[in-house]
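Here is the structure we will look at, set down as structure tokens.
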There are 2 protein chains.
Amino acid sequence: MKPNSMINSTLISQLASLIGQANVLHGHETEKWQSDWTGQYHSTPLAVVRPATTNEVASILNFANTHGLPVVPISGNTGLSGGTACNNSLVLSLERMNRIRSLSPSTRIAVVEAGVIVGELDNAARQHDLMFPLSFGGTGSALIGGVLSTNAGGSNVVHYGSTRDLCLGLEAVMPDGRILDLMQALPKNNSGFDLKDLFIGAEGQIGVITAATFKLYPHPKTYATALVAIDDPGIAPALLNALQDASDGAVIAYEYMCEKFVQHYHSLHPEEKRIFDFSSPCILIELASSSCTSLSKILQDVLAGAMEDDMVRDAIIAQSETQRKNLWLLREAAAEISFHKHPVVDTDIAVPLDQVATYLRLIPSRMKELDSHYTDIAVAHLGDGNIHYTVWPSRDDESLLQAMRIAIDDQAVALGGTFSAEHGIGLCKLQSMEKHKNCVALEIMRSIKNALDPNNILNPGKTIPK
Amino acid sequence: MKPNSMINSTLISQLASLIGQANVLHGHETEKWQSDWTGQYHSTPLAVVRPATTNEVASILNFANTHGLPVVPISGNTGLSGGTACNNSLVLSLERMNRIRSLSPSTRIAVVEAGVIVGELDNAARQHDLMFPLSFGGTGSALIGGVLSTNAGGSNVVHYGSTRDLCLGLEAVMPDGRILDLMQALPKNNSGFDLKDLFIGAEGQIGVITAATFKLYPHPKTYATALVAIDDPGIAPALLNALQDASDGAVIAYEYMCEKFVQHYHSLHPEEKRIFDFSSPCILIELASSSCTSLSKILQDVLAGAMEDDMVRDAIIAQSETQRKNLWLLREAAAEISFHKHPVVDTDIAVPLDQVATYLRLIPSRMKELDSHYTDIAVAHLGDGNIHYTVWPSRDDESLLQAMRIAIDDQAVALGGTFSAEHGIGLCKLQSMEKHKNCVALEIMRSIKNALDPNNILNPGKTIPK
């Protein structure tokens with residue numbers, strides 16, 4: 001049976017027999033899933049199925065596998081790489097699998113389903129003075145299944161790690177409907193291949209993640225937050241090491257904004273100049289503690305030393321929660337600033353921390369070669385060497401945009417970095433995968449995909465270049 | 001060509017043509033590799049090859065794959081699960097790949113080959129006030145390739161994680177000689193499947209790890225160490241949480257020793273009673289700091305509170321480095337005590353932290369059902385719920401020993417735990433894998449093994465039950 005021949009009442013009624021009529025959407029009911037958050041990708045779902053249990057996911061996948069029907073798993077649809085775009089596929093929405101199965105304050109472990117909103121898990125943890133530390137713009141709408149499938153990162157990775165590092169176990173359904181239960185909540189479990197981590201970040205290529213166990217952390221009781229003006233991002237490793245050593249690794253955010261970014265911010269929000277009026281690159285530093293130690297004093301001492309050593313030109317330390325939030329407004333304006341005009345090239349590269357300054361020095365000349373009137377900004381999760389470099393070309397020419405993307409990726413790889421730090425591959429980085437990923441790694445990925453999804457029904461055409 | 005027909009000068013000379021005569025050992029020259037550290041496993045190497053470069057490893061594997069010759073990779077041969085035992089196989093020793101390729105104090109990254117001794121990497125790091133934090137009995141002889149292939153753990157996992165958590169990238173050679181280069185030293189790199197973690201802990205089933213990049217950590221400047229006497233290991237989660245919260249996660253060791261263990265220690269070392277004279281289960285607690293904060297005060301305060309709450313009966317806080325080392329002598333006596341008589345059943349299970357007390361309460365009655373005159377002790381990496389439960393049966397009867405092993409594993413799994421926390425599967429836990437591992441996980445492991453090592457030349461017969 002060919003997929004197209006199934007766009008009919010037979011398909012709908014067969015799916016309805018598995019999970020109930022109300023949970024099989026078709027026609028105009030699928031509108032919500034016809035484009036993604038970025039608006040760049042448009043989809044044509046054959047139908048959207050909304051299972052509520054792992055067994056229902058299994059029955060859908062078994063059905064799809066039997067009929068060679070492509071399936072695109074989808075959670076919050078907040079990804080940035082087109083990983084959920086579909087072309088005449090069955091869309092499998094995890095949103096009804098939204099139970100927090102358990103939350104143990106004594107072991108600081110939560111067991112949650114793929115459809116739980118990231119922020120809701122954090123809210124549940126906070127009722128016990130705990131937190132789920134994943135922190136990025138979309139935590140109010142991103143779902144657990146998506147952050148696992150893309151190994152989401154964000155601003156606190158420097159301390160707490162990416163989604164992968166927070167996850168102890170998971171449950172997934174294989175393309176033929178078999179259920180893989182690796183839900184043990186154990187920090188040590190050396191019983192065979194590390195399949196958990198194979199599914200995390202696999203963008204739904206080899207199975208559909210339905211639930212996971214996560215570590216929770218004590219909610220910080222105090223923060224120490226500073227915005228520092230610097231001359232040269234080359235000081236990044238030394239300043240970070242000084243902060244980490246003085247605070248016993250309490251740095252939870254270490255975020256970079258270039259000079260032009262700060263200027264943009266002040267042109268959009270001139271009233272904020274009363275908070276700070278730097279005209280240089282800045283680093284936003286945040287330390288956190290669960291024990292009310294005198295973090296502010298530590299931060300102040302390190303910054304005083306860094307000024308003496310000419311690493312830091314100026315600094316503002318937040319003296320209240322309001323001031324702290326005001327400093328964060330600068331960093332949080334990244335999306336607003338990056339997308340304030342079009343066309344735009346937004347990227348997600350990373351280089352080793354000691355190569356960030358070199359990258360930022362070299363990349364503008366490569367852009368200039370391509371377009372002498374380009375403009376740009378750079379913000380970075382600096383502690384991870386993860387740079388979101390944004391370019392606005394002077395003309396709307398897709399071949400120019402593409403040449404810029406290629407140059408940005410090439411330069412990152414040339415410095416020992418990656419073309420995809422945290423957003424994943426999806427559709428948008430397939431070319432970079434083909435060009436830059438170690439070719440043996442690509443062959444291994446294809447072998448594993450073929451071994452585990454021999455009918456190629458799961459999210460076909462994404463992640464792994466043909 | 002059948003393996004057995006190759007035990008001749010032809011095989012030796014073919015191998016010698018690849019890596020030089022001096023690096024192909026045979027006959028009595030292979031004696032060192034004919035048994036393992038535990039003395040439980042005996043091997044019959046066809047030859048031992050000692051390549052010095054990744055390309056030499058590749059040429060050997062390509063040769064072996066072409067001729068269907070089984071290959072057992074071996075590093076320090078210090079494993080505890082028979083993972084390097086061989087039967088008429090080529091033994092591939094990584095010991096000559098012993099270069100520290102680079103060590104960057106500013107990014108705190110080391111790039112090392114598989115044959116580097118774990119302790120030597122740590123020594124190299126210490127020259128820069130850094131450390132490689134993996135800590136277990138064998139770090140003076142275990143090699144990097146082995147700790148990666150078994151995902152070694154130990155006493156500091158509660159803070160620094162297992163080998164997996166310390167490794168940012170790796171290089172491996174596939175069974176057919178292709179070289180997989182995933183050596184980027186990036187905390188964020190979402191470019192396709194997480195192959196790094198698939199190779200870590202895979203016990204050489206899918207490729208031979210030849211090099212890796214590792215995170216290094218600041219060497220602690222101060223420690224606060226205590227031995228506390230408790231009544232009930234059920235207090236373990238609450239005491240650990242109190243310590244972590246008060247110290248901002250500075251607990252680097254949280255080790256349990258049962259009452260009988262302490263008695264054994266004192267019977268072997270009566271002079272140590274002057275250090276402590278507890279007759280109850282004990283927890284050895286260590287906090288560490290890179291910033292000379294007053295950890296002793298924090299530890300003292302938490303323990304004072306724990307005494308008031310009746311969690312802790314008595315406590316000794318080390319007042320000097322000598323006292324600290326004396327307290328550790330107790331924990332470090334585990335191997336001496338566990339193997340002081342034979343026959344012995346030594347195990348490596350883990351349960352969630354809030355199930356440790358239940359496990360320790362239930363398991364003796366299961367042993368008693370099997371052997372009314374057994375004796376036992378338990379030590380644990382308590383922070384990880386990882387219990388090394390040791391039983392001495394009253395008679396030397398392999399079927400009794402096996403029944404005990406099975407009961408020990410069964411009870412761990414029944415409480416949501418694992419039969420293999422940190423030692424891995426090798427040969428010795430194949431039966432438990434078959435019995436307890438999720439059957440879909442086993443099927444996936446077989447699929448991946450078959451896809452990546454179709455001729456089954458790498459460490460055949462281990463890790464994955466048939």
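Within each chain, counting starts at residue 1; across the structure tokens, chains are named A, B, ... in the order shown, with ligands numbered 1 upward in that order.
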Practice problem: Enumerate as a ChimeraX atom specification all residues of stretch 63-255 of chain B assigned to strand (DSSP E) by DSSP on the backbone, naming them with the chain letters and numbers the document uses. | Solution: /B:71-74,87-93,100-104,109-113,130-131,167-173,179-182,208-215,217-218,222-230,251-255
What are the closest atom pairs, with distances in Å to one decimal, for all residues of chain A lying within 6 Å of chain B? Consider only C-alpha atoms, order rows by chain and residue number, and present the result as CSV.
residue,atom,partner,partner_atom,distance
A:Ser106,CA,B:Pro237,CA,6.0
A:Leu180,CA,B:Val440,CA,5.4
A:Leu186,CA,B:Pro352,CA,5.9
A:Pro187,CA,B:Asp384,CA,5.8
A:Lys188,CA,B:Ala421,CA,5.0
A:Asn189,CA,B:Ala421,CA,4.3
A:Asn190,CA,B:Gly424,CA,5.1
A:Ser191,CA,B:Ser420,CA,5.6
A:Phe193,CA,B:Ala202,CA,5.2
A:Asp194,CA,B:Leu198,CA,5.4
A:Leu198,CA,B:Asp194,CA,5.4
A:Ala202,CA,B:Phe193,CA,5.2
A:Pro237,CA,B:Ser106,CA,6.0
A:Asp245,CA,B:Ser290,CA,5.5
A:Ala246,CA,B:Ser291,CA,5.0
A:Asp248,CA,B:Ser290,CA,5.7
A:Ser289,CA,B:Asp248,CA,6.0
A:Ser290,CA,B:Asp245,CA,5.6
A:Ser291,CA,B:Ala246,CA,5.0
A:Pro352,CA,B:Leu186,CA,5.9
A:Asp384,CA,B:Pro187,CA,5.8
A:Ser420,CA,B:Asn190,CA,5.5
A:Ala421,CA,B:Asn189,CA,4.3
A:Glu422,CA,B:Asn190,CA,5.3
A:Gly424,CA,B:Asn190,CA,5.1
A:Val440,CA,B:Leu180,CA,5.4
A:Ser447,CA,B:Ala451,CA,5.9
A:Ala451,CA,B:Ser447,CA,5.9
Quiz item: Counting only C-alpha atoms, what is within 8 Å of A:Pro73, bar same-chain residues fewer than 5 positions away, as a PyMOL selection string?
Solution: chain A and resi 84+91-94+204+208+458-459
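When the distance limit is 12 Å and only C-alpha atoms are what count, the residues near A:Ser13, minus those fewer than 2 positions from it on the same chain, are Met6, Ile7, Asn8, Ser9, Thr10, Leu11, Leu15, Ala16, Ser17, Leu18, Ile19, Gly20, Gln21, Ala22, Asn23, Val24, Leu25, His26, Ala47 and Val49 of chain A.
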Quiz item: Using only C-alpha atoms, which of A:Gly82, A:Pro393, A:Gly115, A:Pro70 sits nearest A:Pro51?
Solution: A:Gly115
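Using only C-alpha atoms, the protein and nucleic acid residues lying no more than 9 Å from B:Thr78, apart from those fewer than 4 places from it along its own chain, are Asp36, Trp37, Thr38, Gly138, Ser141, Ala142, Leu143 and Gly146 of chain B.
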Write the residues you've just listed into a file as a PDB file, in the first residue's frame, and include N, CA, C and O atoms for each of them.
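Contents of selection09.pdb, freshly written:
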ATOM      1  N   ASP B  36      44.334 -13.414  33.479  1.00  0.00           N
ATOM      2  CA  ASP B  36      43.985 -12.026  33.801  1.00  0.00           C
ATOM      3  C   ASP B  36      44.359 -11.732  35.246  1.00  0.00           C
ATOM      4  O   ASP B  36      44.853 -12.591  35.975  1.00  0.00           O
ATOM      5  N   TRP B  37      44.071 -10.518  35.640  1.00  0.00           N
ATOM      6  CA  TRP B  37      44.424 -10.023  36.947  1.00  0.00           C
ATOM      7  C   TRP B  37      43.797 -10.857  38.066  1.00  0.00           C
ATOM      8  O   TRP B  37      44.395 -11.100  39.099  1.00  0.00           O
ATOM      9  N   THR B  38      42.558 -11.314  37.838  1.00  0.00           N
ATOM     10  CA  THR B  38      41.847 -12.050  38.889  1.00  0.00           C
ATOM     11  C   THR B  38      42.343 -13.493  38.989  1.00  0.00           C
ATOM     12  O   THR B  38      42.075 -14.171  39.965  1.00  0.00           O
ATOM     13  N   GLY B 138      42.907   0.240  40.715  1.00  0.00           N
ATOM     14  CA  GLY B 138      43.874  -0.134  39.691  1.00  0.00           C
ATOM     15  C   GLY B 138      44.440   0.990  38.846  1.00  0.00           C
ATOM     16  O   GLY B 138      45.010   0.721  37.781  1.00  0.00           O
ATOM     17  N   SER B 141      47.830   0.713  37.093  1.00  0.00           N
ATOM     18  CA  SER B 141      48.115  -0.238  36.014  1.00  0.00           C
ATOM     19  C   SER B 141      47.051  -0.252  34.915  1.00  0.00           C
ATOM     20  O   SER B 141      47.334  -0.654  33.782  1.00  0.00           O
ATOM     21  N   ALA B 142      45.841   0.195  35.211  1.00  0.00           N
ATOM     22  CA  ALA B 142      44.785   0.224  34.184  1.00  0.00           C
ATOM     23  C   ALA B 142      45.155   1.251  33.112  1.00  0.00           C
ATOM     24  O   ALA B 142      45.726   2.297  33.411  1.00  0.00           O
ATOM     25  N   LEU B 143      44.809   0.941  31.857  1.00  0.00           N
ATOM     26  CA  LEU B 143      45.108   1.849  30.755  1.00  0.00           C
ATOM     27  C   LEU B 143      43.823   2.528  30.259  1.00  0.00           C
ATOM     28  O   LEU B 143      42.709   2.029  30.473  1.00  0.00           O
ATOM     29  N   GLY B 146      41.149   0.582  28.330  1.00  0.00           N
ATOM     30  CA  GLY B 146      40.334  -0.311  29.151  1.00  0.00           C
ATOM     31  C   GLY B 146      39.288   0.418  29.962  1.00  0.00           C
ATOM     32  O   GLY B 146      38.136  -0.024  30.044  1.00  0.00           O
TER      33      GLY B 146
END
Exercise. Any chance you could list, as JSON, numbers by chain, the residues in stretch 121-312 of chain A that come up alpha helix (DSSP H) when DSSP is run on the backbone?
Key: {"A": [121, 122, 123, 124, 125, 126, 144, 145, 146, 147, 148, 149, 157, 158, 159, 160, 163, 164, 165, 166, 195, 196, 197, 198, 199, 236, 237, 238, 239, 240, 241, 242, 243, 244, 245, 246, 247, 259, 260, 261, 262, 263, 264, 265, 266, 267, 268, 295, 296, 297, 298, 299, 300, 301, 302, 303, 304, 305, 306, 307, 308]}
Self-check item: Nearest residue to A:Leu303 from the set A:Ser149, A:Ala224, A:Ser102, A:Gln263 (distances using only C-alpha atoms)
Solution: A:Ala224
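You can rank B:Ser372, B:Ser399, B:Ser155, B:Ser296 by their closest distance to B:Arg331 using only C-alpha atoms, and at the top of that list sits B:Ser155.
When only C-alpha atoms are used to measure the gap to B:Arg324, the shortest distance among B:Cys282, B:Leu287, B:Ala226, B:Ile387 belongs to B:Ala226.
Shortest atom-to-atom contact with A:Ser394 among A:Ala315, A:Leu268, A:Ala335, A:Leu370: A:Leu370, counting only C-alpha atoms.
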Quiz item: Taking into account only C-alpha atoms, which residue in the set A:Thr347, A:Thr139, A:Gln127, A:Gln323 is nearest to A:Asp409?
Solution: A:Thr347
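In this model, the gap between atom CA of A:Thr163 and atom CA of A:Gly76 comes to 15.5 Å.
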